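Engineer: Pasting in a structure now, in C-alpha cells, and then I'll have a few things to ask.
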Amino acid sequence: MAKKSDKTEIMEIRKAPKFLPFMLTGALVGLIVGIVLNAMIPAANRTGQDIFGYIVLFMMAVGFSIATVVAVILDWVSRARIKQVEATKLKG
C-alpha cells in the first residue's frame with residue numbers, strides 16, 4: 001500500500017484545446033466550402049481556365065487560419081480559468 005508523503009504542492013489544472021484538431025477541422029471545412037463555391041459558379045461565367053484548385057486551396061487556408069485563431073482564443077480563455085489544487089505526492 002502506498003504511503004503518504006508530507007510534501008504537498010499547489011498544482012494548476014486547466015482544460016486547454018488541442019490545436020491540431022482545430023486546424024485540421026478548419027482546413028476540412030474550407031475544402032468543403034471551396035468545392036461548393038466552385039460548383040456555384042454559373043457555366044456562363046466560367047472561362048477556359050480551371051480555377052478549382054485555387055479556390056479550394058484558398059478556402060482551406062482561410063478555414064485553417066480561422067480555426068487557429070479560435071483555438072488561440074480558447075487557450076487564452078482557459079488560462080484565465082485555471083484552478084489551483086493542493087496535491088500530495090504518494091511514495092511507493
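A note on labels: chains of the C-alpha cells are A, B, ... as shown, every chain counts residues from 1, and ligands are counted from 1 in their shown order.
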Please provide as a list in words all residues within 12 Å of region 67-72 of chain A, with the sequence filter that same-chain residues fewer than 6 positions apart are discarded (counting only C-alpha atoms).

Structural biologist: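 Contacts, with the query itself left out: Ala16, Pro17, Lys18, Phe19, Leu20, Pro21, Phe22, Met23, Leu24, Thr25, Gly26, Ala27, Leu28, Val29, Gly30, Met60, Ala61, Ser78 and Arg79 of chain A.
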
Engineer: Residues as selected, N, CA and C atoms, written as an mmCIF file, in the first residue's frame, can you do that?

Structural biologist:
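As a result, result.cif now contains:
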```
data_model
loop_
_atom_site.group_PDB
_atom_site.id
_atom_site.type_symbol
_atom_site.label_atom_id
_atom_site.label_comp_id
_atom_site.auth_asym_id
_atom_site.auth_seq_id
_atom_site.Cartn_x
_atom_site.Cartn_y
_atom_site.Cartn_z
ATOM 1 N N ALA A 16 -7.090 22.804 -21.752
ATOM 2 C CA ALA A 16 -6.545 23.507 -22.912
ATOM 3 C C ALA A 16 -6.955 22.781 -24.191
ATOM 4 N N PRO A 17 -7.284 23.524 -25.231
ATOM 5 C CA PRO A 17 -7.654 22.880 -26.501
ATOM 6 C C PRO A 17 -6.420 22.316 -27.194
ATOM 7 N N LYS A 18 -6.620 21.256 -27.951
ATOM 8 C CA LYS A 18 -5.553 20.718 -28.790
ATOM 9 C C LYS A 18 -5.635 21.447 -30.132
ATOM 10 N N PHE A 19 -4.531 22.032 -30.545
ATOM 11 C CA PHE A 19 -4.537 22.890 -31.727
ATOM 12 C C PHE A 19 -4.708 22.109 -33.025
ATOM 13 N N LEU A 20 -4.060 20.964 -33.166
ATOM 14 C CA LEU A 20 -4.092 20.222 -34.422
ATOM 15 C C LEU A 20 -5.505 19.832 -34.857
ATOM 16 N N PRO A 21 -6.361 19.299 -33.972
ATOM 17 C CA PRO A 21 -7.725 19.001 -34.424
ATOM 18 C C PRO A 21 -8.495 20.234 -34.888
ATOM 19 N N PHE A 22 -8.283 21.364 -34.236
ATOM 20 C CA PHE A 22 -8.935 22.608 -34.673
ATOM 21 C C PHE A 22 -8.472 22.972 -36.076
ATOM 22 N N MET A 23 -7.159 22.913 -36.306
ATOM 23 C CA MET A 23 -6.601 23.300 -37.597
ATOM 24 C C MET A 23 -7.065 22.365 -38.719
ATOM 25 N N LEU A 24 -7.049 21.069 -38.450
ATOM 26 C CA LEU A 24 -7.479 20.108 -39.468
ATOM 27 C C LEU A 24 -8.969 20.246 -39.773
ATOM 28 N N THR A 25 -9.774 20.486 -38.750
ATOM 29 C CA THR A 25 -11.209 20.694 -38.966
ATOM 30 C C THR A 25 -11.454 21.955 -39.790
ATOM 31 N N GLY A 26 -10.723 23.017 -39.496
ATOM 32 C CA GLY A 26 -10.855 24.250 -40.260
ATOM 33 C C GLY A 26 -10.476 24.055 -41.716
ATOM 34 N N ALA A 27 -9.402 23.303 -41.961
ATOM 35 C CA ALA A 27 -8.991 23.038 -43.340
ATOM 36 C C ALA A 27 -10.026 22.180 -44.060
ATOM 37 N N LEU A 28 -10.606 21.212 -43.363
ATOM 38 C CA LEU A 28 -11.639 20.355 -43.968
ATOM 39 C C LEU A 28 -12.891 21.163 -44.304
ATOM 40 N N VAL A 29 -13.303 22.037 -43.403
ATOM 41 C CA VAL A 29 -14.455 22.900 -43.683
ATOM 42 C C VAL A 29 -14.148 23.815 -44.868
ATOM 43 N N GLY A 30 -12.920 24.333 -44.934
ATOM 44 C CA GLY A 30 -12.513 25.158 -46.067
ATOM 45 C C GLY A 30 -12.542 24.382 -47.372
ATOM 46 N N MET A 60 -9.225 26.508 -47.988
ATOM 47 C CA MET A 60 -8.598 25.688 -46.945
ATOM 48 C C MET A 60 -7.688 26.539 -46.068
ATOM 49 N N ALA A 61 -6.947 27.451 -46.678
ATOM 50 C CA ALA A 61 -6.072 28.342 -45.916
ATOM 51 C C ALA A 61 -6.887 29.264 -45.014
ATOM 52 N N SER A 78 -8.946 29.569 -21.410
ATOM 53 C CA SER A 78 -8.673 28.500 -20.446
ATOM 54 C C SER A 78 -7.584 28.911 -19.462
ATOM 55 N N ARG A 79 -6.652 29.744 -19.903
ATOM 56 C CA ARG A 79 -5.623 30.237 -18.970
ATOM 57 C C ARG A 79 -6.243 31.138 -17.906
#
```

Engineer: What are the DSSP alpha helix (DSSP H) residues of chain A, as a VMD selection string?

Structural biologist: chain A and resid 19 to 40 52 to 80

Engineer: Go ahead and save the residues from that selection, with N, CA and C atoms, as a short mmCIF file (atom, residue, chain, number, x, y, z; two decimals), in the first residue's frame.

Structural biologist:
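Wrote out_31.cif, looks like this:
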```
data_model
loop_
_atom_site.label_atom_id
_atom_site.label_comp_id
_atom_site.auth_asym_id
_atom_site.auth_seq_id
_atom_site.Cartn_x
_atom_site.Cartn_y
_atom_site.Cartn_z
N PHE A 19 -4.53 22.03 -30.55
CA PHE A 19 -4.54 22.89 -31.73
C PHE A 19 -4.71 22.11 -33.02
N LEU A 20 -4.06 20.96 -33.17
CA LEU A 20 -4.09 20.22 -34.42
C LEU A 20 -5.50 19.83 -34.86
N PRO A 21 -6.36 19.30 -33.97
CA PRO A 21 -7.73 19.00 -34.42
C PRO A 21 -8.50 20.23 -34.89
N PHE A 22 -8.28 21.36 -34.24
CA PHE A 22 -8.94 22.61 -34.67
C PHE A 22 -8.47 22.97 -36.08
N MET A 23 -7.16 22.91 -36.31
CA MET A 23 -6.60 23.30 -37.60
C MET A 23 -7.06 22.37 -38.72
N LEU A 24 -7.05 21.07 -38.45
CA LEU A 24 -7.48 20.11 -39.47
C LEU A 24 -8.97 20.25 -39.77
N THR A 25 -9.77 20.49 -38.75
CA THR A 25 -11.21 20.69 -38.97
C THR A 25 -11.45 21.96 -39.79
N GLY A 26 -10.72 23.02 -39.50
CA GLY A 26 -10.86 24.25 -40.26
C GLY A 26 -10.48 24.05 -41.72
N ALA A 27 -9.40 23.30 -41.96
CA ALA A 27 -8.99 23.04 -43.34
C ALA A 27 -10.03 22.18 -44.06
N LEU A 28 -10.61 21.21 -43.36
CA LEU A 28 -11.64 20.35 -43.97
C LEU A 28 -12.89 21.16 -44.30
N VAL A 29 -13.30 22.04 -43.40
CA VAL A 29 -14.45 22.90 -43.68
C VAL A 29 -14.15 23.81 -44.87
N GLY A 30 -12.92 24.33 -44.93
CA GLY A 30 -12.51 25.16 -46.07
C GLY A 30 -12.54 24.38 -47.37
N LEU A 31 -12.15 23.12 -47.34
CA LEU A 31 -12.20 22.26 -48.53
C LEU A 31 -13.64 22.12 -49.02
N ILE A 32 -14.54 21.86 -48.10
CA ILE A 32 -15.96 21.69 -48.47
C ILE A 32 -16.52 23.00 -49.02
N VAL A 33 -16.21 24.11 -48.37
CA VAL A 33 -16.69 25.41 -48.85
C VAL A 33 -16.12 25.72 -50.24
N GLY A 34 -14.86 25.39 -50.47
CA GLY A 34 -14.25 25.62 -51.77
C GLY A 34 -14.90 24.80 -52.87
N ILE A 35 -15.23 23.56 -52.58
CA ILE A 35 -15.92 22.71 -53.56
C ILE A 35 -17.30 23.27 -53.87
N VAL A 36 -18.02 23.70 -52.83
CA VAL A 36 -19.35 24.27 -53.03
C VAL A 36 -19.27 25.57 -53.82
N LEU A 37 -18.32 26.43 -53.50
CA LEU A 37 -18.17 27.69 -54.24
C LEU A 37 -17.85 27.43 -55.72
N ASN A 38 -16.99 26.46 -55.97
CA ASN A 38 -16.66 26.15 -57.37
C ASN A 38 -17.88 25.62 -58.11
N ALA A 39 -18.70 24.85 -57.45
CA ALA A 39 -19.89 24.30 -58.09
C ALA A 39 -20.94 25.38 -58.33
N MET A 40 -20.90 26.45 -57.57
CA MET A 40 -21.90 27.51 -57.69
C MET A 40 -21.60 28.51 -58.81
N PHE A 52 -10.54 25.57 -59.99
CA PHE A 52 -10.97 24.73 -58.86
C PHE A 52 -9.88 24.62 -57.80
N GLY A 53 -8.67 24.31 -58.20
CA GLY A 53 -7.57 24.15 -57.25
C GLY A 53 -7.27 25.41 -56.46
N TYR A 54 -7.33 26.54 -57.15
CA TYR A 54 -7.07 27.82 -56.47
C TYR A 54 -8.13 28.14 -55.42
N ILE A 55 -9.38 27.92 -55.80
CA ILE A 55 -10.48 28.21 -54.86
C ILE A 55 -10.37 27.30 -53.64
N VAL A 56 -10.16 26.00 -53.87
CA VAL A 56 -10.09 25.05 -52.76
C VAL A 56 -8.89 25.36 -51.86
N LEU A 57 -7.74 25.62 -52.46
CA LEU A 57 -6.55 25.93 -51.66
C LEU A 57 -6.74 27.20 -50.84
N PHE A 58 -7.32 28.23 -51.45
CA PHE A 58 -7.55 29.48 -50.74
C PHE A 58 -8.53 29.28 -49.58
N MET A 59 -9.62 28.57 -49.83
CA MET A 59 -10.61 28.37 -48.77
C MET A 59 -10.07 27.47 -47.65
N MET A 60 -9.22 26.51 -47.99
CA MET A 60 -8.60 25.69 -46.95
C MET A 60 -7.69 26.54 -46.07
N ALA A 61 -6.95 27.45 -46.68
CA ALA A 61 -6.07 28.34 -45.92
C ALA A 61 -6.89 29.26 -45.01
N VAL A 62 -8.00 29.77 -45.52
CA VAL A 62 -8.87 30.63 -44.72
C VAL A 62 -9.46 29.84 -43.54
N GLY A 63 -9.97 28.64 -43.80
CA GLY A 63 -10.53 27.81 -42.73
C GLY A 63 -9.49 27.45 -41.70
N PHE A 64 -8.28 27.10 -42.15
CA PHE A 64 -7.18 26.77 -41.26
C PHE A 64 -6.85 27.96 -40.36
N SER A 65 -6.78 29.15 -40.95
CA SER A 65 -6.44 30.36 -40.19
C SER A 65 -7.51 30.71 -39.17
N ILE A 66 -8.77 30.64 -39.57
CA ILE A 66 -9.85 30.95 -38.64
C ILE A 66 -9.88 29.97 -37.49
N ALA A 67 -9.70 28.69 -37.78
CA ALA A 67 -9.69 27.67 -36.72
C ALA A 67 -8.51 27.86 -35.77
N THR A 68 -7.37 28.28 -36.29
CA THR A 68 -6.21 28.54 -35.44
C THR A 68 -6.48 29.71 -34.50
N VAL A 69 -7.10 30.76 -35.01
CA VAL A 69 -7.44 31.92 -34.17
C VAL A 69 -8.43 31.50 -33.09
N VAL A 70 -9.42 30.68 -33.44
CA VAL A 70 -10.39 30.20 -32.45
C VAL A 70 -9.69 29.38 -31.37
N ALA A 71 -8.75 28.51 -31.76
CA ALA A 71 -8.01 27.70 -30.78
C ALA A 71 -7.17 28.57 -29.86
N VAL A 72 -6.56 29.61 -30.41
CA VAL A 72 -5.75 30.51 -29.57
C VAL A 72 -6.64 31.26 -28.59
N ILE A 73 -7.80 31.70 -29.03
CA ILE A 73 -8.74 32.40 -28.13
C ILE A 73 -9.21 31.46 -27.03
N LEU A 74 -9.56 30.22 -27.38
CA LEU A 74 -9.99 29.27 -26.36
C LEU A 74 -8.86 28.94 -25.39
N ASP A 75 -7.62 28.88 -25.88
CA ASP A 75 -6.48 28.65 -25.00
C ASP A 75 -6.31 29.83 -24.04
N TRP A 76 -6.49 31.03 -24.54
CA TRP A 76 -6.38 32.23 -23.70
C TRP A 76 -7.47 32.22 -22.62
N VAL A 77 -8.69 31.84 -23.00
CA VAL A 77 -9.79 31.77 -22.04
C VAL A 77 -9.51 30.70 -20.99
N SER A 78 -8.95 29.57 -21.41
CA SER A 78 -8.67 28.50 -20.45
C SER A 78 -7.58 28.91 -19.46
N ARG A 79 -6.65 29.74 -19.90
CA ARG A 79 -5.62 30.24 -18.97
C ARG A 79 -6.24 31.14 -17.91
N ALA A 80 -7.31 31.84 -18.26
CA ALA A 80 -7.97 32.71 -17.30
C ALA A 80 -8.78 31.92 -16.28
#
```

Engineer: Taking the backbone alone, and naming residues the way the document does, which bits of chain A are strand (DSSP E or B) by DSSP, as an MDAnalysis selection string?

Structural biologist: chainID A and resid 3:13 83:91

Engineer: Nearest to Lys91 (chain A): which of A:Ile51, A:Arg14, A:Lys7, A:Ile41 is it, counting only C-alpha atoms?

Structural biologist: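 Once distances to Lys91 (chain A) are computed over only C-alpha atoms, the minimum belongs to A:Lys7.
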
Engineer: CA of Lys15 (chain A) to CA of Thr88 (chain A): how many Å, to one decimal?

Structural biologist: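 Distance between the two atoms: 21.2 Å.
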
Engineer: With distances taken over only C-alpha atoms, which residue among A:Ile13, A:Asp50, A:Asn45, A:Thr8 lies nearest Arg81 (chain A)?

Structural biologist: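 Smallest separation from Arg81 (chain A) among the options: A:Ile13.
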
Engineer: Which residues are near Ile10 (chain A)? Cut-off 9 Å, only C-alpha atoms, ignore same chain within fewer than 5 positions. Put them as a PDB file with C-alpha atoms, in the first residue's frame.

Structural biologist:
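File produced: result_7.pdb:
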```
ATOM      1  CA  GLN A  84      -5.367  25.597  -8.222  1.00  0.00           C
ATOM      2  CA  VAL A  85      -5.493  22.452  -6.125  1.00  0.00           C
ATOM      3  CA  GLU A  86      -3.291  21.092  -3.376  1.00  0.00           C
ATOM      4  CA  ALA A  87      -1.715  17.736  -4.199  1.00  0.00           C
ATOM      5  CA  THR A  88       0.217  15.323  -2.007  1.00  0.00           C
TER       6      THR A  88
END
```
